[in-house]
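Here is the file data_11.pdb (PDB, C-alpha atoms and all ligand atoms).
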```pdb
MODEL        1
ATOM      1  CA  MET B   1       6.807  39.351 -33.792
ATOM      2  CA  ASN B   2       6.568  41.527 -30.661
ATOM      3  CA  LYS B   3      10.167  42.457 -29.897
ATOM      4  CA  GLU B   4       9.307  43.573 -26.349
ATOM      5  CA  LEU B   5       8.335  40.121 -25.258
ATOM      6  CA  PRO B   6      11.028  37.673 -24.132
ATOM      7  CA  GLY B   7      11.648  34.981 -26.717
ATOM      8  CA  ALA B   8      10.636  31.365 -26.238
ATOM      9  CA  LEU B   9      11.260  28.311 -28.324
ATOM     10  CA  VAL B  10       8.839  25.408 -28.310
ATOM     11  CA  GLU B  11       9.460  21.937 -29.616
ATOM     12  CA  GLU B  12       7.445  20.990 -32.657
ATOM     13  CA  ILE B  13       7.221  17.402 -33.840
ATOM     14  CA  GLY B  14       5.469  16.445 -37.043
ATOM     15  CA  GLY B  15       3.222  19.494 -37.053
ATOM     16  CA  THR B  16       2.157  19.330 -33.411
ATOM     17  CA  ILE B  17       3.768  21.528 -30.869
ATOM     18  CA  GLY B  18       5.427  19.860 -27.870
ATOM     19  CA  VAL B  19       3.133  21.707 -25.522
ATOM     20  CA  MET B  20      -0.638  21.276 -25.903
ATOM     21  CA  GLU B  21      -1.799  23.238 -28.932
ATOM     22  CA  GLU B  22      -4.289  25.260 -26.882
ATOM     23  CA  HIS B  23      -1.409  26.476 -24.717
ATOM     24  CA  VAL B  24       0.243  28.115 -27.674
ATOM     25  CA  ASP B  25      -2.099  31.151 -27.525
ATOM     26  CA  PHE B  26      -1.364  31.517 -23.818
ATOM     27  CA  LEU B  27       2.366  31.422 -24.541
ATOM     28  CA  LYS B  28       2.057  33.769 -27.503
ATOM     29  CA  GLU B  29       0.632  36.475 -25.248
ATOM     30  CA  ARG B  30       3.711  36.279 -23.032
ATOM     31  CA  PHE B  31       6.562  35.390 -25.347
ATOM     32  CA  SER B  32       7.648  36.019 -28.869
ATOM     33  CA  LEU B  33       7.163  32.372 -29.684
ATOM     34  CA  ILE B  34       8.835  30.305 -32.319
ATOM     35  CA  THR B  35       8.842  26.605 -32.967
ATOM     36  CA  MET B  36      11.911  24.429 -33.096
ATOM     37  CA  LYS B  37      11.237  23.913 -36.827
ATOM     38  CA  GLU B  38      11.308  27.666 -37.473
ATOM     39  CA  PHE B  39      14.403  27.958 -35.293
ATOM     40  CA  LYS B  40      16.240  25.272 -37.236
ATOM     41  CA  GLU B  41      15.438  27.079 -40.473
ATOM     42  CA  ASN B  42      16.833  30.384 -39.225
ATOM     43  CA  LYS B  43      19.183  30.002 -36.264
ATOM     44  CA  GLU B  44      20.960  33.377 -36.456
ATOM     45  CA  HIS B  45      17.881  35.518 -36.645
ATOM     46  CA  LEU B  46      16.224  33.814 -33.696
ATOM     47  CA  ALA B  47      19.202  33.274 -31.427
ATOM     48  CA  ASP B  48      17.869  35.647 -28.752
ATOM     49  CA  LYS B  49      15.487  33.140 -27.149
ATOM     50  CA  ILE B  50      15.651  32.944 -23.377
ATOM     51  CA  VAL B  51      13.272  30.040 -22.633
ATOM     52  CA  CYS B  52      12.831  26.653 -24.282
ATOM     53  CA  ILE B  53       9.555  24.878 -23.508
ATOM     54  CA  PHE B  54       9.346  21.182 -24.167
ATOM     55  CA  ASN B  55       7.051  18.339 -23.406
ATOM     56  CA  TRP B  56       9.033  15.445 -21.936
ATOM     57  CA  ALA B  57       7.178  13.087 -24.299
ATOM     58  CA  ASN B  58       8.851  14.578 -27.357
ATOM     59  CA  LYS B  59      12.272  13.712 -25.962
ATOM     60  CA  PRO B  60      13.801  16.881 -27.421
ATOM     61  CA  ASP B  61      17.407  16.580 -28.425
ATOM     62  CA  VAL B  62      18.947  19.328 -26.294
ATOM     63  CA  ASN B  63      22.570  19.129 -27.382
ATOM     64  CA  SER B  64      25.570  21.452 -27.392
ATOM     65  CA  GLU B  65      24.782  22.573 -30.920
ATOM     66  CA  LEU B  66      21.364  23.835 -29.829
ATOM     67  CA  LEU B  67      22.722  25.520 -26.711
ATOM     68  CA  LYS B  68      25.508  27.248 -28.627
ATOM     69  CA  ALA B  69      22.914  28.608 -31.041
ATOM     70  CA  LEU B  70      20.972  30.135 -28.118
ATOM     71  CA  PRO B  71      23.543  32.249 -26.250
ATOM     72  CA  ARG B  72      20.871  34.156 -24.293
ATOM     73  CA  LEU B  73      19.037  31.031 -23.139
ATOM     74  CA  LYS B  74      18.281  31.020 -19.395
ATOM     75  CA  VAL B  75      15.759  28.238 -18.811
ATOM     76  CA  ILE B  76      14.684  24.945 -20.343
ATOM     77  CA  ALA B  77      11.186  24.197 -19.089
ATOM     78  CA  SER B  78      10.154  20.572 -19.485
ATOM     79  CA  ALA B  79       6.484  19.764 -18.919
ATOM     80  CA  GLY B  80       6.398  16.585 -16.798
ATOM     81  CA  ALA B  81       8.123  15.086 -13.767
ATOM     82  CA  GLY B  82      11.014  13.154 -15.281
ATOM     83  CA  VAL B  83      14.063  15.004 -16.581
ATOM     84  CA  ASP B  84      15.996  11.904 -17.647
ATOM     85  CA  HIS B  85      15.714  13.041 -21.282
ATOM     86  CA  LEU B  86      17.884  16.084 -20.483
ATOM     87  CA  ASP B  87      21.629  16.079 -19.794
ATOM     88  CA  ILE B  88      21.436  18.465 -16.837
ATOM     89  CA  LYS B  89      25.187  18.606 -16.248
ATOM     90  CA  MET B  90      25.882  19.545 -19.844
ATOM     91  CA  ILE B  91      22.998  22.062 -19.888
ATOM     92  CA  SER B  92      24.197  23.661 -16.596
ATOM     93  CA  SER B  93      27.653  24.100 -18.090
ATOM     94  CA  TYR B  94      26.024  26.637 -20.448
ATOM     95  CA  GLY B  95      24.566  28.502 -17.447
ATOM     96  CA  VAL B  96      21.060  27.282 -18.339
ATOM     97  CA  LYS B  97      18.603  26.153 -15.661
ATOM     98  CA  VAL B  98      16.245  23.207 -16.104
ATOM     99  CA  ALA B  99      12.676  23.405 -14.775
ATOM    100  CA  ASN B 100      10.055  20.642 -14.609
ATOM    101  CA  THR B 101       6.534  20.203 -13.204
ATOM    102  CA  PRO B 102       6.852  17.449 -10.567
ATOM    103  CA  HIS B 103       3.967  18.463  -8.305
ATOM    104  CA  ALA B 104       1.364  18.876 -11.026
ATOM    105  CA  VAL B 105       1.603  15.265 -12.159
ATOM    106  CA  THR B 106       1.731  13.389  -8.837
ATOM    107  CA  ASN B 107      -1.932  12.451  -8.431
ATOM    108  CA  SER B 108      -2.610  11.623 -12.070
ATOM    109  CA  THR B 109       0.419   9.330 -12.207
ATOM    110  CA  ALA B 110      -0.585   7.614  -8.956
ATOM    111  CA  ASP B 111      -4.109   7.172 -10.369
ATOM    112  CA  LEU B 112      -2.728   5.570 -13.522
ATOM    113  CA  ALA B 113      -0.582   3.264 -11.391
ATOM    114  CA  MET B 114      -3.707   2.029  -9.595
ATOM    115  CA  THR B 115      -5.590   1.784 -12.898
ATOM    116  CA  LEU B 116      -2.907  -0.506 -14.335
ATOM    117  CA  LEU B 117      -2.846  -2.561 -11.154
ATOM    118  CA  LEU B 118      -6.628  -3.041 -11.232
ATOM    119  CA  VAL B 119      -6.811  -3.701 -14.967
ATOM    120  CA  ALA B 120      -4.070  -6.345 -14.778
ATOM    121  CA  ALA B 121      -5.347  -7.909 -11.560
ATOM    122  CA  ARG B 122      -8.907  -8.281 -12.865
ATOM    123  CA  ASN B 123      -7.968  -9.418 -16.416
ATOM    124  CA  PHE B 124      -9.901  -6.433 -17.605
ATOM    125  CA  MET B 125      -8.449  -6.324 -21.124
ATOM    126  CA  GLU B 126      -9.503  -9.888 -21.805
ATOM    127  CA  ALA B 127     -12.883  -9.291 -20.175
ATOM    128  CA  HIS B 128     -13.445  -6.275 -22.445
ATOM    129  CA  GLN B 129     -12.618  -8.337 -25.536
ATOM    130  CA  ILE B 130     -15.123 -10.995 -24.467
ATOM    131  CA  ALA B 131     -17.760  -8.370 -23.627
ATOM    132  CA  VAL B 132     -17.553  -6.739 -27.089
ATOM    133  CA  SER B 133     -17.145  -9.975 -29.065
ATOM    134  CA  PRO B 134     -20.070 -11.015 -31.306
ATOM    135  CA  ASN B 135     -19.865 -14.395 -29.557
ATOM    136  CA  THR B 136     -19.933 -12.980 -26.058
ATOM    137  CA  VAL B 137     -20.850 -15.288 -23.200
ATOM    138  CA  ARG B 138     -22.417 -14.769 -19.806
ATOM    139  CA  PHE B 139     -19.411 -16.161 -17.942
ATOM    140  CA  HIS B 140     -15.872 -16.861 -19.010
ATOM    141  CA  ALA B 141     -13.072 -18.260 -16.846
ATOM    142  CA  ASN B 142     -10.575 -15.936 -18.601
ATOM    143  CA  TRP B 143     -12.016 -12.896 -16.937
ATOM    144  CA  VAL B 144     -11.672 -14.274 -13.435
ATOM    145  CA  GLY B 145      -8.922 -12.197 -11.897
ATOM    146  CA  GLY B 146      -7.184 -11.786  -8.565
ATOM    147  CA  ASP B 147      -8.140  -9.875  -5.431
ATOM    148  CA  ILE B 148      -6.625  -6.579  -4.420
ATOM    149  CA  THR B 149      -7.864  -6.375  -0.848
ATOM    150  CA  GLY B 150      -5.440  -7.960   1.587
ATOM    151  CA  MET B 151      -2.783  -8.494  -1.079
ATOM    152  CA  THR B 152       0.768  -7.183  -0.759
ATOM    153  CA  LEU B 153       1.908  -4.244  -2.846
ATOM    154  CA  GLY B 154       5.664  -3.636  -3.087
ATOM    155  CA  ILE B 155       6.440  -0.043  -4.024
ATOM    156  CA  VAL B 156       9.935   0.470  -5.419
ATOM    157  CA  GLY B 157      10.653   4.183  -4.958
ATOM    158  CA  MET B 158       8.808   6.001  -2.183
ATOM    159  CA  GLY B 159       9.022   9.539  -3.518
ATOM    160  CA  ARG B 160       6.085  11.869  -4.057
ATOM    161  CA  ILE B 161       4.280   9.553  -6.483
ATOM    162  CA  GLY B 162       5.177   6.381  -4.568
ATOM    163  CA  TYR B 163       3.608   7.828  -1.439
ATOM    164  CA  LYS B 164       0.414   8.817  -3.270
ATOM    165  CA  ILE B 165       0.202   5.242  -4.585
ATOM    166  CA  ALA B 166       0.639   3.967  -1.021
ATOM    167  CA  GLN B 167      -2.233   6.181   0.168
ATOM    168  CA  ARG B 168      -4.472   4.757  -2.545
ATOM    169  CA  ALA B 169      -3.335   1.192  -1.752
ATOM    170  CA  LYS B 170      -4.174   1.757   1.907
ATOM    171  CA  ALA B 171      -7.737   2.633   0.896
ATOM    172  CA  PHE B 172      -7.805  -0.703  -0.953
ATOM    173  CA  GLU B 173      -6.748  -2.396   2.310
ATOM    174  CA  MET B 174      -3.523  -3.670   0.811
ATOM    175  CA  LYS B 175      -0.443  -4.596   2.802
ATOM    176  CA  ILE B 176       2.249  -2.137   1.740
ATOM    177  CA  LEU B 177       5.989  -2.765   1.484
ATOM    178  CA  TYR B 178       8.432  -0.253   0.094
ATOM    179  CA  HIS B 179      12.043  -0.086  -0.968
ATOM    180  CA  ASN B 180      13.728   3.280  -1.157
ATOM    181  CA  ARG B 181      17.187   4.807  -0.846
ATOM    182  CA  HIS B 182      16.141   6.342   2.476
ATOM    183  CA  ARG B 183      13.610   5.250   5.009
ATOM    184  CA  ARG B 184      10.504   7.484   5.169
ATOM    185  CA  PRO B 185       9.292   7.066   8.782
ATOM    186  CA  GLU B 186       6.431   9.598   8.610
ATOM    187  CA  GLU B 187       5.034   8.241   5.360
ATOM    188  CA  GLU B 188       5.485   4.677   6.672
ATOM    189  CA  LYS B 189       3.416   5.488   9.731
ATOM    190  CA  SER B 190       0.681   7.319   7.877
ATOM    191  CA  VAL B 191      -0.019   4.454   5.431
ATOM    192  CA  GLY B 192       1.141   1.564   7.619
ATOM    193  CA  ALA B 193       3.923   0.581   5.208
ATOM    194  CA  SER B 194       6.910  -1.636   6.038
ATOM    195  CA  TYR B 195      10.383  -0.767   4.825
ATOM    196  CA  CYS B 196      12.453  -3.362   2.945
ATOM    197  CA  GLU B 197      16.079  -2.360   2.913
ATOM    198  CA  ARG B 198      16.795  -5.096   0.358
ATOM    199  CA  LEU B 199      14.891  -5.066  -2.914
ATOM    200  CA  ASP B 200      14.940  -8.880  -2.919
ATOM    201  CA  ASP B 201      12.937  -8.959   0.331
ATOM    202  CA  LEU B 202      10.231  -6.810  -1.231
ATOM    203  CA  LEU B 203      10.189  -8.870  -4.435
ATOM    204  CA  GLN B 204       9.859 -12.180  -2.579
ATOM    205  CA  GLN B 205       6.828 -11.037  -0.593
ATOM    206  CA  SER B 206       4.864  -8.870  -3.033
ATOM    207  CA  ASP B 207       1.808  -9.860  -5.058
ATOM    208  CA  TYR B 208       2.100  -6.627  -7.043
ATOM    209  CA  VAL B 209       5.452  -4.925  -7.636
ATOM    210  CA  MET B 210       5.131  -1.274  -8.592
ATOM    211  CA  LEU B 211       8.116   0.570 -10.096
ATOM    212  CA  VAL B 212       8.121   4.278  -9.309
ATOM    213  CA  VAL B 213      11.833   5.176  -9.264
ATOM    214  CA  ASN B 214      13.426   7.910 -11.357
ATOM    215  CA  LEU B 215      15.647   6.685 -14.158
ATOM    216  CA  SER B 216      19.314   7.154 -13.241
ATOM    217  CA  PRO B 217      22.505   5.127 -13.730
ATOM    218  CA  GLU B 218      21.656   3.383 -10.405
ATOM    219  CA  THR B 219      18.133   2.387 -11.461
ATOM    220  CA  GLU B 220      18.767   1.492 -15.113
ATOM    221  CA  LYS B 221      17.772  -2.185 -15.549
ATOM    222  CA  LEU B 222      17.087  -2.404 -11.822
ATOM    223  CA  MET B 223      14.698  -5.235 -12.659
ATOM    224  CA  GLY B 224      16.635  -7.954 -14.437
ATOM    225  CA  LYS B 225      16.779 -11.743 -14.599
ATOM    226  CA  HIS B 226      17.708 -12.134 -10.932
ATOM    227  CA  GLU B 227      14.940  -9.805  -9.743
ATOM    228  CA  PHE B 228      12.280 -11.648 -11.765
ATOM    229  CA  GLN B 229      13.511 -14.905 -10.240
ATOM    230  CA  MET B 230      12.906 -13.373  -6.813
ATOM    231  CA  MET B 231       9.255 -12.560  -7.603
ATOM    232  CA  LYS B 232       6.387 -14.962  -6.889
ATOM    233  CA  PRO B 233       5.098 -16.808 -10.001
ATOM    234  CA  SER B 234       1.683 -15.347  -9.155
ATOM    235  CA  ALA B 235       3.007 -11.770  -8.930
ATOM    236  CA  MET B 236       2.445  -8.893 -11.353
ATOM    237  CA  LEU B 237       4.827  -6.119 -12.325
ATOM    238  CA  ILE B 238       3.517  -2.590 -12.862
ATOM    239  CA  ASN B 239       5.873   0.007 -14.317
ATOM    240  CA  ILE B 240       4.946   3.677 -14.397
ATOM    241  CA  SER B 241       8.503   5.031 -14.106
ATOM    242  CA  ARG B 242      10.665   4.616 -17.192
ATOM    243  CA  GLY B 243      11.032   1.669 -19.537
ATOM    244  CA  LEU B 244      14.765   1.435 -18.989
ATOM    245  CA  VAL B 245      14.288   0.621 -15.296
ATOM    246  CA  VAL B 246      13.419  -2.869 -16.553
ATOM    247  CA  ASP B 247      15.608  -5.200 -18.580
ATOM    248  CA  GLN B 248      12.927  -5.791 -21.205
ATOM    249  CA  GLU B 249      14.439  -9.008 -22.560
ATOM    250  CA  ALA B 250      14.488 -10.457 -19.054
ATOM    251  CA  LEU B 251      10.870  -9.339 -18.595
ATOM    252  CA  VAL B 252       9.753 -11.043 -21.818
ATOM    253  CA  GLU B 253      11.467 -14.233 -20.667
ATOM    254  CA  ALA B 254       9.928 -14.018 -17.185
ATOM    255  CA  LEU B 255       6.460 -13.607 -18.712
ATOM    256  CA  GLU B 256       6.959 -16.353 -21.295
ATOM    257  CA  THR B 257       8.261 -18.897 -18.813
ATOM    258  CA  GLY B 258       5.679 -18.128 -16.120
ATOM    259  CA  GLN B 259       8.296 -16.810 -13.722
ATOM    260  CA  ILE B 260       5.853 -13.954 -13.114
ATOM    261  CA  LYS B 261       2.144 -13.868 -13.910
ATOM    262  CA  ALA B 262       1.651 -10.582 -15.719
ATOM    263  CA  ALA B 263       2.905  -7.075 -16.387
ATOM    264  CA  ALA B 264       1.167  -3.741 -16.816
ATOM    265  CA  LEU B 265       3.393  -1.112 -18.381
ATOM    266  CA  ASP B 266       2.914   2.568 -19.036
ATOM    267  CA  VAL B 267       6.526   2.816 -20.136
ATOM    268  CA  THR B 268       8.789   0.756 -22.383
ATOM    269  CA  TYR B 269      11.862   1.241 -24.505
ATOM    270  CA  PRO B 270      11.592   2.409 -27.119
ATOM    271  CA  GLU B 271       8.241   4.217 -27.008
ATOM    272  CA  PRO B 272       6.233   3.148 -28.830
ATOM    273  CA  LEU B 273       7.505  -0.411 -29.134
ATOM    274  CA  PRO B 274       8.123  -1.791 -32.647
ATOM    275  CA  ARG B 275       4.869  -3.334 -33.839
ATOM    276  CA  ASP B 276       6.381  -6.823 -33.910
ATOM    277  CA  HIS B 277       7.679  -6.679 -30.316
ATOM    278  CA  PRO B 278       6.832  -9.797 -28.241
ATOM    279  CA  LEU B 279       5.273  -7.682 -25.454
ATOM    280  CA  LEU B 280       2.543  -6.618 -27.886
ATOM    281  CA  LYS B 281       1.459 -10.200 -28.454
ATOM    282  CA  MET B 282       1.235 -11.460 -24.886
ATOM    283  CA  SER B 283      -2.153 -11.943 -23.291
ATOM    284  CA  ASN B 284      -0.626 -11.413 -19.836
ATOM    285  CA  VAL B 285       0.612  -7.906 -20.701
ATOM    286  CA  VAL B 286      -1.329  -4.653 -20.484
ATOM    287  CA  LEU B 287       0.274  -1.721 -22.271
ATOM    288  CA  ALA B 288      -0.498   1.968 -21.979
ATOM    289  CA  PRO B 289       1.078   4.562 -24.295
ATOM    290  CA  HIS B 290       3.017   6.444 -21.547
ATOM    291  CA  MET B 291       0.025   8.387 -20.332
ATOM    292  CA  GLY B 292       0.674   8.794 -16.595
ATOM    293  CA  THR B 293       0.113  12.528 -16.676
ATOM    294  CA  ALA B 294      -2.501  12.635 -19.412
ATOM    295  CA  THR B 295      -5.540  14.099 -17.694
ATOM    296  CA  ARG B 296      -7.583  17.086 -18.881
ATOM    297  CA  GLU B 297      -7.011  18.852 -15.578
ATOM    298  CA  ILE B 298      -3.231  18.738 -15.899
ATOM    299  CA  THR B 299      -2.904  19.459 -19.566
ATOM    300  CA  HIS B 300      -5.433  22.363 -19.578
ATOM    301  CA  PHE B 301      -5.314  25.492 -17.521
TER     302      PHE B 301
HETATM  303  O1  LIG B 401       5.882  13.442 -16.194
HETATM  304  C1  LIG B 401       6.578  12.473 -16.535
HETATM  305  O2  LIG B 401       7.789  12.418 -16.325
HETATM  306  C2  LIG B 401       5.954  11.334 -17.189
HETATM  307  O3  LIG B 401       6.588  10.369 -17.452
HETATM  308  C3  LIG B 401       4.524  11.337 -17.516
HETATM  309  O4  LIG B 401       3.953  10.058 -17.436
ENDMDL
END
```

Transcribe the structure of this file into structure tokens.
Amino acid sequence: MNKELPGALVEEIGGTIGVMEEHVDFLKERFSLITMKEFKENKEHLADKIVCIFNWANKPDVNSELLKALPRLKVIASAGAGVDHLDIKMISSYGVKVANTPHAVTNSTADLAMTLLLVAARNFMEAHQIAVSPNTVRFHANWVGGDITGMTLGIVGMGRIGYKIAQRAKAFEMKILYHNRHRRPEEEKSVGASYCERLDDLLQQSDYVMLVVNLSPETEKLMGKHEFQMMKPSAMLINISRGLVVDQEALVEALETGQIKAAALDVTYPEPLPRDHPLLKMSNVVLAPHMGTATREITHF
């Protein structure tokens, strides 16, 4: 190990490192690198690490025990936008800074949001099944979907990603509503969006409801029984934020009872869902494996 290089710790889960494997060589040139597994086996010897690099997807357990074992630690770098998996207050109390990569992932996450919207709106999953079936047919009513053009998209959370989604929706000639803690007059003007101070107003009018908020105590289970009752029975829910923003039991009920038409989810809780979860069996649900940022361009440099 090169003692002149600063030390870094990377998360390793089941043999794969929490950062892309091809990045390990890049990191090795700059840091004396060890994996979390090696660290756990020999805490004393490796306690001089100054950076921890994690991938948000691994949900590393950054607890007091870990931080006490790394007295020289300066930075925890989490690849991804969301930092809800890290207790920032507790980490700061050890004098450690948290870094993330919010800008890098904005476009890819907005693209996935539109992908889910289109796939759900056009019954694409069902259409694919029919297209590959040995008994395929020339036309099937099940693949007749809904229009996008002229429909109303309600964006819940007009941050960086929400705005990029609005720009894409404008190109699709959608009517755009948004609900946010603060009004965003410039963004509103540039995409022709209308502000809904009350979430209920947005939910009542939208054909597609897109969740883009960060997970926080204020947004946990933001979408519950009442909110689904506010939505149109023809409306679809798209969630690219965090699973916990939705009360999943209320969502299952809303989908089962026809309170809403469909859901397209990149995020759930837990991830992945247990294999017997009702959401896995519903034909009006499209699931992605939390892949908002998973593009070659972002994950390779
Ligand atoms: O970057 C993040 O926070 C993600 O959730 C990726 O989809």

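Residues of protein, DNA or RNA lying at most 6 Å from ligand LIG 401 (chain B), when all atoms listed in the file are considered, are Gly80, Ala81, Gly82, His290, Met291, Gly292 and Thr293 of chain B.
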
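The space between CA of Lys97 (chain B) and CA of Asn55 (chain B) spans 16.0 Å.
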
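Interatomic distance, CA of Lys175 (chain B) against CA of Gly154 (chain B): 8.5 Å.
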
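Under the PyMOL selection byres (((chain B and resi 282) around 12) and not hetatm), the matching residues in the shown file are Met125, Glu126, Leu251, Val252, Glu253, Ala254, Leu255, Glu256, Thr257, Gly258, Lys261, Ala262, Ala263, Ala264, Asp276, His277, Pro278, Leu279, Leu280, Lys281, Ser283, Asn284, Val285, Val286 and Leu287 of chain B.
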
Can you tell me, as a PDB file with C-alpha atoms, in the coordinates of the input, which residues sit within 9 Å of (-0.1, 8.4, -5.2) in the file's frame, using all atoms listed in the file?
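That gives us selection-v8.pdb:
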```pdb
ATOM      1  CA  THR B 106       1.731  13.389  -8.837  1.00  0.00           C
ATOM      2  CA  ASN B 107      -1.932  12.451  -8.431  1.00  0.00           C
ATOM      3  CA  SER B 108      -2.610  11.623 -12.070  1.00  0.00           C
ATOM      4  CA  THR B 109       0.419   9.330 -12.207  1.00  0.00           C
ATOM      5  CA  ALA B 110      -0.585   7.614  -8.956  1.00  0.00           C
ATOM      6  CA  ASP B 111      -4.109   7.172 -10.369  1.00  0.00           C
ATOM      7  CA  ALA B 113      -0.582   3.264 -11.391  1.00  0.00           C
ATOM      8  CA  MET B 114      -3.707   2.029  -9.595  1.00  0.00           C
ATOM      9  CA  ARG B 160       6.085  11.869  -4.057  1.00  0.00           C
ATOM     10  CA  ILE B 161       4.280   9.553  -6.483  1.00  0.00           C
ATOM     11  CA  GLY B 162       5.177   6.381  -4.568  1.00  0.00           C
ATOM     12  CA  TYR B 163       3.608   7.828  -1.439  1.00  0.00           C
ATOM     13  CA  LYS B 164       0.414   8.817  -3.270  1.00  0.00           C
ATOM     14  CA  ILE B 165       0.202   5.242  -4.585  1.00  0.00           C
ATOM     15  CA  ALA B 166       0.639   3.967  -1.021  1.00  0.00           C
ATOM     16  CA  GLN B 167      -2.233   6.181   0.168  1.00  0.00           C
ATOM     17  CA  ARG B 168      -4.472   4.757  -2.545  1.00  0.00           C
ATOM     18  CA  ALA B 169      -3.335   1.192  -1.752  1.00  0.00           C
TER      19      ALA B 169
END
```

Fill in: Interatomic distance (Å, one decimal) between CA of Arg296 (chain B) and CA of Ala77 (chain B)
20.1 Å

Discussion item. List as a PyMOL selection string the protein and nucleic acid residues near region 267-274 of chain B, meaning an atom at most 10 Å away when all atoms listed in the file are counted, but skip any in the same chain fewer than 5 places from it.
Written reply: chain B and resi 57+238-248+279-280+287-292

Worksheet item: What does the PyMOL selection byres (((chain B and resi 62) around 9) and not hetatm) select in this file, as a list of chain:residue names?
Response: B:Lys59, B:Pro60, B:Asp61, B:Asn63, B:Ser64, B:Glu65, B:Leu66, B:Leu67, B:His85, B:Leu86, B:Asp87, B:Ile91

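Applied to this file, the PyMOL selection byres (((chain B and resi 202) around 9) and not hetatm) selects Leu153, Gly154, Ile155, Val156, Leu177, Tyr178, His179, Tyr195, Cys196, Glu197, Arg198, Leu199, Asp200, Asp201, Leu203, Gln204, Gln205, Ser206, Val209 and Met231 of chain B.
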